[in-house]
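Source file: run.pdb. Holds: PDB, C-alpha atoms and all ligand atoms.
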MODEL        1
ATOM      1  CA  LYS J   1     -14.086  28.675  93.854  1.00  0.00           C
ATOM      2  CA  SER J   2     -16.324  29.370  90.925  1.00  0.00           C
ATOM      3  CA  GLY J   3     -16.236  31.366  87.764  1.00  0.00           C
ATOM      4  CA  PHE J   4     -17.089  31.821  84.121  1.00  0.00           C
ATOM      5  CA  ILE J   5     -14.758  30.624  81.397  1.00  0.00           C
ATOM      6  CA  GLY J   6     -15.155  31.956  77.869  1.00  0.00           C
ATOM      7  CA  ILE J   7     -14.133  29.392  75.281  1.00  0.00           C
ATOM      8  CA  VAL J   8     -13.333  30.747  71.847  1.00  0.00           C
ATOM      9  CA  GLY J   9     -11.725  29.677  68.607  1.00  0.00           C
ATOM     10  CA  ARG J  10     -12.399  29.026  64.956  1.00  0.00           C
ATOM     11  CA  PRO J  11     -14.617  26.125  63.918  1.00  0.00           C
ATOM     12  CA  ASN J  12     -12.987  22.687  64.144  1.00  0.00           C
ATOM     13  CA  VAL J  13     -10.171  23.609  66.526  1.00  0.00           C
ATOM     14  CA  GLY J  14     -11.648  21.233  69.115  1.00  0.00           C
ATOM     15  CA  LYS J  15     -13.779  23.350  71.445  1.00  0.00           C
ATOM     16  CA  SER J  16     -16.553  20.763  71.758  1.00  0.00           C
ATOM     17  CA  THR J  17     -14.043  17.943  72.116  1.00  0.00           C
ATOM     18  CA  LEU J  18     -12.242  19.793  74.907  1.00  0.00           C
ATOM     19  CA  LEU J  19     -15.499  20.436  76.732  1.00  0.00           C
ATOM     20  CA  ASN J  20     -16.501  16.798  76.425  1.00  0.00           C
ATOM     21  CA  GLN J  21     -13.099  15.792  77.758  1.00  0.00           C
ATOM     22  CA  ILE J  22     -13.516  18.166  80.710  1.00  0.00           C
ATOM     23  CA  MET J  23     -17.067  17.043  81.441  1.00  0.00           C
ATOM     24  CA  GLY J  24     -16.179  13.379  81.057  1.00  0.00           C
ATOM     25  CA  GLU J  25     -18.826  13.083  78.333  1.00  0.00           C
ATOM     26  CA  LYS J  26     -21.519  13.481  80.945  1.00  0.00           C
ATOM     27  CA  ILE J  27     -23.256  16.822  80.780  1.00  0.00           C
ATOM     28  CA  ALA J  28     -21.570  18.759  78.022  1.00  0.00           C
ATOM     29  CA  ILE J  29     -24.022  20.700  75.929  1.00  0.00           C
ATOM     30  CA  THR J  30     -23.024  19.593  72.489  1.00  0.00           C
ATOM     31  CA  THR J  31     -25.124  21.761  70.259  1.00  0.00           C
ATOM     32  CA  ASP J  32     -23.306  24.374  68.252  1.00  0.00           C
ATOM     33  CA  LYS J  33     -26.481  25.738  66.723  1.00  0.00           C
ATOM     34  CA  PRO J  34     -26.729  29.497  66.842  1.00  0.00           C
ATOM     35  CA  GLN J  35     -28.425  30.502  70.032  1.00  0.00           C
ATOM     36  CA  THR J  36     -30.160  33.744  70.681  1.00  0.00           C
ATOM     37  CA  THR J  37     -29.167  33.879  74.314  1.00  0.00           C
ATOM     38  CA  ARG J  38     -26.019  35.792  75.020  1.00  0.00           C
ATOM     39  CA  ASN J  39     -23.269  33.880  76.726  1.00  0.00           C
ATOM     40  CA  SER J  40     -24.884  30.511  76.125  1.00  0.00           C
ATOM     41  CA  ILE J  41     -23.680  27.868  78.524  1.00  0.00           C
ATOM     42  CA  ARG J  42     -21.778  25.014  76.909  1.00  0.00           C
ATOM     43  CA  GLY J  43     -21.032  23.038  80.023  1.00  0.00           C
ATOM     44  CA  ILE J  44     -20.613  23.213  83.775  1.00  0.00           C
ATOM     45  CA  TYR J  45     -17.717  21.497  85.466  1.00  0.00           C
ATOM     46  CA  THR J  46     -18.107  20.813  89.177  1.00  0.00           C
ATOM     47  CA  ARG J  47     -15.586  19.188  91.451  1.00  0.00           C
ATOM     48  CA  HIS J  48     -16.670  18.583  95.020  1.00  0.00           C
ATOM     49  CA  ASP J  49     -14.352  17.739  97.798  1.00  0.00           C
ATOM     50  CA  ASP J  50     -14.568  17.183 101.536  1.00  0.00           C
ATOM     51  CA  GLY J  51     -13.259  20.578 102.492  1.00  0.00           C
ATOM     52  CA  ASP J  52     -13.820  23.970 101.002  1.00  0.00           C
ATOM     53  CA  ASN J  53     -11.731  23.389  97.926  1.00  0.00           C
ATOM     54  CA  GLY J  54     -14.449  22.492  95.482  1.00  0.00           C
ATOM     55  CA  VAL J  55     -14.708  24.279  92.192  1.00  0.00           C
ATOM     56  CA  GLN J  56     -17.381  25.140  89.678  1.00  0.00           C
ATOM     57  CA  MET J  57     -16.503  26.343  86.209  1.00  0.00           C
ATOM     58  CA  VAL J  58     -19.206  27.514  83.852  1.00  0.00           C
ATOM     59  CA  PHE J  59     -18.006  27.350  80.249  1.00  0.00           C
ATOM     60  CA  ILE J  60     -19.723  29.779  77.968  1.00  0.00           C
ATOM     61  CA  ASP J  61     -19.781  30.370  74.271  1.00  0.00           C
ATOM     62  CA  THR J  62     -18.679  33.669  72.824  1.00  0.00           C
ATOM     63  CA  PRO J  63     -21.234  34.837  70.301  1.00  0.00           C
ATOM     64  CA  GLY J  64     -20.008  37.038  67.524  1.00  0.00           C
ATOM     65  CA  ILE J  65     -16.812  35.317  66.505  1.00  0.00           C
ATOM     66  CA  HIS J  66     -17.994  32.348  64.499  1.00  0.00           C
ATOM     67  CA  LYS J  67     -19.180  34.027  61.349  1.00  0.00           C
ATOM     68  CA  GLY J  68     -15.988  35.132  59.725  1.00  0.00           C
ATOM     69  CA  ARG J  69     -14.696  38.598  59.277  1.00  0.00           C
ATOM     70  CA  ASN J  70     -16.847  39.651  56.370  1.00  0.00           C
ATOM     71  CA  LYS J  71     -20.188  38.995  57.949  1.00  0.00           C
ATOM     72  CA  LEU J  72     -19.316  40.594  61.241  1.00  0.00           C
ATOM     73  CA  GLY J  73     -21.098  43.765  62.092  1.00  0.00           C
ATOM     74  CA  SER J  74     -19.744  45.998  64.794  1.00  0.00           C
ATOM     75  CA  ALA J  75     -22.635  44.989  67.049  1.00  0.00           C
ATOM     76  CA  MET J  76     -21.434  41.389  66.909  1.00  0.00           C
ATOM     77  CA  THR J  77     -17.892  42.457  67.668  1.00  0.00           C
ATOM     78  CA  ASP J  78     -19.121  44.506  70.620  1.00  0.00           C
ATOM     79  CA  MET J  79     -20.992  41.479  71.894  1.00  0.00           C
ATOM     80  CA  ALA J  80     -17.876  39.330  71.750  1.00  0.00           C
ATOM     81  CA  VAL J  81     -15.770  41.962  73.485  1.00  0.00           C
ATOM     82  CA  ASN J  82     -18.405  42.348  76.194  1.00  0.00           C
ATOM     83  CA  THR J  83     -18.335  38.611  76.781  1.00  0.00           C
ATOM     84  CA  PHE J  84     -14.542  38.710  77.068  1.00  0.00           C
ATOM     85  CA  LYS J  85     -14.872  41.387  79.735  1.00  0.00           C
ATOM     86  CA  GLU J  86     -17.568  39.565  81.686  1.00  0.00           C
ATOM     87  CA  VAL J  87     -15.854  36.215  82.094  1.00  0.00           C
ATOM     88  CA  ASP J  88     -13.121  35.367  84.600  1.00  0.00           C
ATOM     89  CA  VAL J  89     -10.828  33.582  82.166  1.00  0.00           C
ATOM     90  CA  ILE J  90     -10.684  33.398  78.378  1.00  0.00           C
ATOM     91  CA  LEU J  91      -9.505  30.233  76.642  1.00  0.00           C
ATOM     92  CA  LEU J  92      -8.511  30.758  73.023  1.00  0.00           C
ATOM     93  CA  LEU J  93      -8.171  27.457  71.201  1.00  0.00           C
ATOM     94  CA  VAL J  94      -6.044  27.181  68.077  1.00  0.00           C
ATOM     95  CA  ASP J  95      -4.743  24.185  66.183  1.00  0.00           C
ATOM     96  CA  GLY J  96      -2.015  25.712  64.063  1.00  0.00           C
ATOM     97  CA  PRO J  97      -0.015  28.838  63.310  1.00  0.00           C
ATOM     98  CA  MET J  98      -1.957  32.075  63.363  1.00  0.00           C
ATOM     99  CA  SER J  99      -1.008  32.732  59.767  1.00  0.00           C
ATOM    100  CA  LYS J 100      -2.768  29.541  58.684  1.00  0.00           C
ATOM    101  CA  GLY J 101      -6.226  31.005  58.886  1.00  0.00           C
ATOM    102  CA  PRO J 102      -7.642  34.505  59.013  1.00  0.00           C
ATOM    103  CA  GLY J 103      -9.835  33.855  62.037  1.00  0.00           C
ATOM    104  CA  ASP J 104      -7.256  33.534  64.790  1.00  0.00           C
ATOM    105  CA  LYS J 105      -5.723  36.938  64.182  1.00  0.00           C
ATOM    106  CA  TYR J 106      -9.146  38.497  64.158  1.00  0.00           C
ATOM    107  CA  ILE J 107     -10.073  36.943  67.489  1.00  0.00           C
ATOM    108  CA  VAL J 108      -6.745  37.970  69.003  1.00  0.00           C
ATOM    109  CA  ASP J 109      -7.368  41.557  67.893  1.00  0.00           C
ATOM    110  CA  MET J 110     -10.739  41.566  69.635  1.00  0.00           C
ATOM    111  CA  MET J 111      -9.314  40.399  72.953  1.00  0.00           C
ATOM    112  CA  LYS J 112      -5.974  42.156  73.063  1.00  0.00           C
ATOM    113  CA  ASP J 113      -7.170  45.221  74.970  1.00  0.00           C
ATOM    114  CA  VAL J 114      -9.340  43.241  77.392  1.00  0.00           C
ATOM    115  CA  ASN J 115      -7.923  42.812  80.910  1.00  0.00           C
ATOM    116  CA  THR J 116      -9.440  39.371  81.541  1.00  0.00           C
ATOM    117  CA  PRO J 117      -6.815  36.622  82.014  1.00  0.00           C
ATOM    118  CA  LYS J 118      -6.216  34.812  78.741  1.00  0.00           C
ATOM    119  CA  ILE J 119      -4.848  31.351  78.165  1.00  0.00           C
ATOM    120  CA  LEU J 120      -3.869  30.203  74.702  1.00  0.00           C
ATOM    121  CA  VAL J 121      -4.637  26.531  74.152  1.00  0.00           C
ATOM    122  CA  VAL J 122      -2.708  24.987  71.277  1.00  0.00           C
ATOM    123  CA  ASN J 123      -4.890  21.961  70.684  1.00  0.00           C
ATOM    124  CA  LYS J 124      -4.289  18.826  68.601  1.00  0.00           C
ATOM    125  CA  MET J 125      -0.782  18.442  70.002  1.00  0.00           C
ATOM    126  CA  ASP J 126      -0.996  14.788  68.996  1.00  0.00           C
ATOM    127  CA  THR J 127      -0.864  15.867  65.343  1.00  0.00           C
ATOM    128  CA  MET J 128       2.167  18.144  65.679  1.00  0.00           C
ATOM    129  CA  ASP J 129       5.867  17.576  65.823  1.00  0.00           C
ATOM    130  CA  PRO J 130       7.780  19.575  68.456  1.00  0.00           C
ATOM    131  CA  GLU J 131       9.041  22.071  65.876  1.00  0.00           C
ATOM    132  CA  GLU J 132       5.542  22.935  64.768  1.00  0.00           C
ATOM    133  CA  TYR J 133       4.409  23.388  68.354  1.00  0.00           C
ATOM    134  CA  LEU J 134       7.368  25.659  69.053  1.00  0.00           C
ATOM    135  CA  GLU J 135       6.574  27.738  65.985  1.00  0.00           C
ATOM    136  CA  ILE J 136       2.995  28.235  67.123  1.00  0.00           C
ATOM    137  CA  TYR J 137       4.071  28.883  70.715  1.00  0.00           C
ATOM    138  CA  ASN J 138       6.557  31.547  69.648  1.00  0.00           C
ATOM    139  CA  GLU J 139       4.155  33.254  67.300  1.00  0.00           C
ATOM    140  CA  TYR J 140       1.556  33.744  70.033  1.00  0.00           C
ATOM    141  CA  ASN J 141       4.042  34.334  72.819  1.00  0.00           C
ATOM    142  CA  GLU J 142       5.512  37.282  70.902  1.00  0.00           C
ATOM    143  CA  LEU J 143       2.161  39.041  71.069  1.00  0.00           C
ATOM    144  CA  GLY J 144       2.597  39.343  74.816  1.00  0.00           C
ATOM    145  CA  ILE J 145      -1.129  39.231  75.554  1.00  0.00           C
ATOM    146  CA  PHE J 146      -1.519  35.685  76.908  1.00  0.00           C
ATOM    147  CA  ASP J 147      -1.024  34.921  80.583  1.00  0.00           C
ATOM    148  CA  ASP J 148      -0.106  31.368  79.700  1.00  0.00           C
ATOM    149  CA  ILE J 149       0.117  28.938  76.800  1.00  0.00           C
ATOM    150  CA  TYR J 150      -0.833  25.266  77.036  1.00  0.00           C
ATOM    151  CA  GLY J 151      -0.461  22.535  74.468  1.00  0.00           C
ATOM    152  CA  THR J 152      -3.262  19.984  74.702  1.00  0.00           C
ATOM    153  CA  SER J 153      -4.851  17.065  72.987  1.00  0.00           C
ATOM    154  CA  ALA J 154      -8.561  17.360  73.664  1.00  0.00           C
ATOM    155  CA  LEU J 155      -8.989  14.040  71.909  1.00  0.00           C
ATOM    156  CA  ASN J 156      -6.814  11.939  74.222  1.00  0.00           C
ATOM    157  CA  GLY J 157      -6.787  14.265  77.216  1.00  0.00           C
ATOM    158  CA  THR J 158      -3.139  15.263  77.234  1.00  0.00           C
ATOM    159  CA  ASN J 159      -2.529  18.269  79.508  1.00  0.00           C
ATOM    160  CA  VAL J 160      -6.257  18.930  80.037  1.00  0.00           C
ATOM    161  CA  VAL J 161      -6.122  18.407  83.812  1.00  0.00           C
ATOM    162  CA  GLU J 162      -3.108  20.703  83.965  1.00  0.00           C
ATOM    163  CA  LEU J 163      -4.985  23.330  81.969  1.00  0.00           C
ATOM    164  CA  LEU J 164      -7.956  23.135  84.341  1.00  0.00           C
ATOM    165  CA  SER J 165      -5.669  23.607  87.337  1.00  0.00           C
ATOM    166  CA  ARG J 166      -4.225  26.711  85.739  1.00  0.00           C
ATOM    167  CA  VAL J 167      -7.696  28.080  85.004  1.00  0.00           C
ATOM    168  CA  GLU J 168      -8.633  27.464  88.642  1.00  0.00           C
ATOM    169  CA  GLU J 169      -5.789  29.709  89.777  1.00  0.00           C
ATOM    170  CA  PHE J 170      -7.533  32.659  88.150  1.00  0.00           C
ATOM    171  CA  LEU J 171     -10.843  32.089  89.923  1.00  0.00           C
TER     172      LEU J 171
HETATM  173  P1  LIG J 201     -15.109  22.762  67.379  1.00  0.00           P
HETATM  174  O1  LIG J 201     -15.745  23.134  66.067  1.00  0.00           O
HETATM  175  O2  LIG J 201     -14.079  23.774  67.774  1.00  0.00           O
HETATM  176  O3  LIG J 201     -16.097  22.496  68.450  1.00  0.00           O
HETATM  177  O4  LIG J 201     -14.273  21.420  67.098  1.00  0.00           O
HETATM  178  P2  LIG J 201     -14.688  19.914  67.458  1.00  0.00           P
HETATM  179  O5  LIG J 201     -14.534  19.654  68.890  1.00  0.00           O
HETATM  180  O6  LIG J 201     -16.006  19.618  66.846  1.00  0.00           O
HETATM  181  O7  LIG J 201     -13.514  19.116  66.727  1.00  0.00           O
HETATM  182  C1  LIG J 201     -13.350  19.165  65.316  1.00  0.00           C
HETATM  183  C2  LIG J 201     -12.591  17.933  64.851  1.00  0.00           C
HETATM  184  O8  LIG J 201     -11.272  17.922  65.402  1.00  0.00           O
HETATM  185  C3  LIG J 201     -13.240  16.629  65.302  1.00  0.00           C
HETATM  186  O9  LIG J 201     -13.112  15.696  64.275  1.00  0.00           O
HETATM  187  C4  LIG J 201     -12.414  16.221  66.505  1.00  0.00           C
HETATM  188  O10 LIG J 201     -12.395  14.833  66.722  1.00  0.00           O
HETATM  189  C5  LIG J 201     -11.041  16.727  66.124  1.00  0.00           C
HETATM  190  N1  LIG J 201     -10.209  17.027  67.296  1.00  0.00           N
HETATM  191  C6  LIG J 201     -10.535  17.783  68.370  1.00  0.00           C
HETATM  192  N2  LIG J 201      -9.528  17.836  69.255  1.00  0.00           N
HETATM  193  C7  LIG J 201      -8.537  17.074  68.749  1.00  0.00           C
HETATM  194  C8  LIG J 201      -7.209  16.717  69.192  1.00  0.00           C
HETATM  195  O11 LIG J 201      -6.738  17.110  70.264  1.00  0.00           O
HETATM  196  N3  LIG J 201      -6.478  15.923  68.371  1.00  0.00           N
HETATM  197  C9  LIG J 201      -6.953  15.475  67.177  1.00  0.00           C
HETATM  198  N4  LIG J 201      -6.146  14.702  66.441  1.00  0.00           N
HETATM  199  N5  LIG J 201      -8.181  15.784  66.729  1.00  0.00           N
HETATM  200  C10 LIG J 201      -8.960  16.573  67.496  1.00  0.00           C
HETATM  201 MG    MG J 202     -18.066  22.605  68.428  1.00  0.00          MG
ENDMDL
END

I need this file expressed as structure tokens, please.
Ligand code: GDP
Ligand code: MG
Amino acid sequence: KSGFIGIVGRPNVGKSTLLNQIMGEKIAITTDKPQTTRNSIRGIYTRHDDGDNGVQMVFIDTPGIHKGRNKLGSAMTDMAVNTFKEVDVILLLVDGPMSKGPGDKYIVDMMKDVNTPKILVVNKMDTMDPEEYLEIYNEYNELGIFDDIYGTSALNGTNVVELLSRVEEFL
């Protein structure tokens, strides 16, 4: 199996940390500098096995969503939406309720009419009590646009393997 995974979310939600966790700190591309190339690759995860059950996941950045609402032109929005359509799975990372920041709602709006499978990743679980997680879960679940919702800690690895297995099911 192989496929492209779009990884999106506001700054500081833990995208780079999650990728490093997935890559085992080995080959993750850590730069977050603006890149001119569309769909810049942030990391490639490969798992070989003896049979035919290996997997390759290419994680790509989604240009056009990092600048904040005000600076976004429609061309940038189009670029982000195109990326959402071209990948096999979208991971949206958040680290708190949608209402906490303006960016999450904006990203959700851009992806809501896209057919690509979407997984919401509520990261930084290690900083939340169960009530806070439930609040976030419910808020996003009510939107009805996510195929699944996972709580993770990219920092200590909680639920990351489980998330990868779920992603693999869509490839
Ligand atoms: P990015 O901007 O989305 O790439 O976010 P980073 O991966 O750079 O993470 C931003 C900050 O959040 C860093 O200080 C990370 O160590 C921290 N961070 C990322 N994931 C977690 C997590 O699961 N738990 C906690 N407590 N901190 C995290
Ligand atoms: Mg980063």

Between J:Ile119, J:Met76, J:Met98, J:Val13, single out the one closest to Glu169 of chain J, counting only C-alpha atoms.
->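 Using only C-alpha atoms, Glu169 of chain J sits closest to J:Ile119.
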
Could you report the residues within 7 Å of ligand MG 202 (chain J), using all atoms listed in the file, as an mmCIF file with C-alpha atoms, in the frame of the given file?
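Okay, out20.cif is ready:
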data_model
loop_
_atom_site.group_PDB
_atom_site.id
_atom_site.type_symbol
_atom_site.label_atom_id
_atom_site.label_comp_id
_atom_site.auth_asym_id
_atom_site.auth_seq_id
_atom_site.Cartn_x
_atom_site.Cartn_y
_atom_site.Cartn_z
ATOM 1 C CA PRO J 11 -14.617 26.125 63.918
ATOM 2 C CA ASN J 12 -12.987 22.687 64.144
ATOM 3 C CA GLY J 14 -11.648 21.233 69.115
ATOM 4 C CA LYS J 15 -13.779 23.350 71.445
ATOM 5 C CA SER J 16 -16.553 20.763 71.758
ATOM 6 C CA ASP J 32 -23.306 24.374 68.252
#

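Take atom O9 of ligand LIG 201 (chain J) and atom CA of Ala154 of chain J: the distance between them is 10.6 Å.
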
Expand the PyMOL selection byres (((not hetatm)) within 10 of (chain J and resi 201)) into the individual residues it matches in the shown file, reporting them as a PyMOL selection string.
-> chain J and resi 7-21+30-32+66+93-95+122-128+151-158+160

Selection above as a file: C-alpha atoms, as a PDB file, in the frame of the given file:
ATOM      1  CA  ILE J   7     -14.133  29.392  75.281  1.00  0.00           C
ATOM      2  CA  VAL J   8     -13.333  30.747  71.847  1.00  0.00           C
ATOM      3  CA  GLY J   9     -11.725  29.677  68.607  1.00  0.00           C
ATOM      4  CA  ARG J  10     -12.399  29.026  64.956  1.00  0.00           C
ATOM      5  CA  PRO J  11     -14.617  26.125  63.918  1.00  0.00           C
ATOM      6  CA  ASN J  12     -12.987  22.687  64.144  1.00  0.00           C
ATOM      7  CA  VAL J  13     -10.171  23.609  66.526  1.00  0.00           C
ATOM      8  CA  GLY J  14     -11.648  21.233  69.115  1.00  0.00           C
ATOM      9  CA  LYS J  15     -13.779  23.350  71.445  1.00  0.00           C
ATOM     10  CA  SER J  16     -16.553  20.763  71.758  1.00  0.00           C
ATOM     11  CA  THR J  17     -14.043  17.943  72.116  1.00  0.00           C
ATOM     12  CA  LEU J  18     -12.242  19.793  74.907  1.00  0.00           C
ATOM     13  CA  LEU J  19     -15.499  20.436  76.732  1.00  0.00           C
ATOM     14  CA  ASN J  20     -16.501  16.798  76.425  1.00  0.00           C
ATOM     15  CA  GLN J  21     -13.099  15.792  77.758  1.00  0.00           C
ATOM     16  CA  THR J  30     -23.024  19.593  72.489  1.00  0.00           C
ATOM     17  CA  THR J  31     -25.124  21.761  70.259  1.00  0.00           C
ATOM     18  CA  ASP J  32     -23.306  24.374  68.252  1.00  0.00           C
ATOM     19  CA  HIS J  66     -17.994  32.348  64.499  1.00  0.00           C
ATOM     20  CA  LEU J  93      -8.171  27.457  71.201  1.00  0.00           C
ATOM     21  CA  VAL J  94      -6.044  27.181  68.077  1.00  0.00           C
ATOM     22  CA  ASP J  95      -4.743  24.185  66.183  1.00  0.00           C
ATOM     23  CA  VAL J 122      -2.708  24.987  71.277  1.00  0.00           C
ATOM     24  CA  ASN J 123      -4.890  21.961  70.684  1.00  0.00           C
ATOM     25  CA  LYS J 124      -4.289  18.826  68.601  1.00  0.00           C
ATOM     26  CA  MET J 125      -0.782  18.442  70.002  1.00  0.00           C
ATOM     27  CA  ASP J 126      -0.996  14.788  68.996  1.00  0.00           C
ATOM     28  CA  THR J 127      -0.864  15.867  65.343  1.00  0.00           C
ATOM     29  CA  MET J 128       2.167  18.144  65.679  1.00  0.00           C
ATOM     30  CA  GLY J 151      -0.461  22.535  74.468  1.00  0.00           C
ATOM     31  CA  THR J 152      -3.262  19.984  74.702  1.00  0.00           C
ATOM     32  CA  SER J 153      -4.851  17.065  72.987  1.00  0.00           C
ATOM     33  CA  ALA J 154      -8.561  17.360  73.664  1.00  0.00           C
ATOM     34  CA  LEU J 155      -8.989  14.040  71.909  1.00  0.00           C
ATOM     35  CA  ASN J 156      -6.814  11.939  74.222  1.00  0.00           C
ATOM     36  CA  GLY J 157      -6.787  14.265  77.216  1.00  0.00           C
ATOM     37  CA  THR J 158      -3.139  15.263  77.234  1.00  0.00           C
ATOM     38  CA  VAL J 160      -6.257  18.930  80.037  1.00  0.00           C
TER      39      VAL J 160
END

Give, as JSON, the centre coordinates and the x, y and z edge lengths in Å to one decimal for an axis-aligned box around all listed atoms of segment 71-88 of chain J, padded by 8 Å on each side.
{"center_x": -17.9, "center_y": 40.7, "center_z": 71.3, "size_x": 25.5, "size_y": 26.6, "size_z": 42.7}

Can you give me, as JSON, numbers by chain, the residues this file yields under the PyMOL selection byres (((chain J and resi 118) around 10) and not hetatm)?
-> {"J": [5, 6, 84, 88, 89, 90, 91, 92, 111, 112, 114, 115, 116, 117, 119, 120, 121, 145, 146, 147, 148, 149, 167, 170]}

Step by step, work through what the PyMOL selection byres (((chain J and resi 46) around 8) and not hetatm) selects in the shown file, and finish by giving those residues as an MDAnalysis selection string.
-> chainID J and resid 44:45 47:48 54:57

With distances taken over all atoms listed in the file, which of J:Leu143, J:Ile136, J:Val161, J:Met110 is nearest to Asn82 of chain J?
->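 Between J:Leu143, J:Ile136, J:Val161, J:Met110, the residue approaching Asn82 of chain J most closely is J:Met110.
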
When you draw a straight line from atom CA of Lys105 of chain J to atom CA of Asn159 of chain J, how long is it in Å?
->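 Answer for the atom CA of Lys105 of chain J to atom CA of Asn159 of chain J separation: 24.4 Å.
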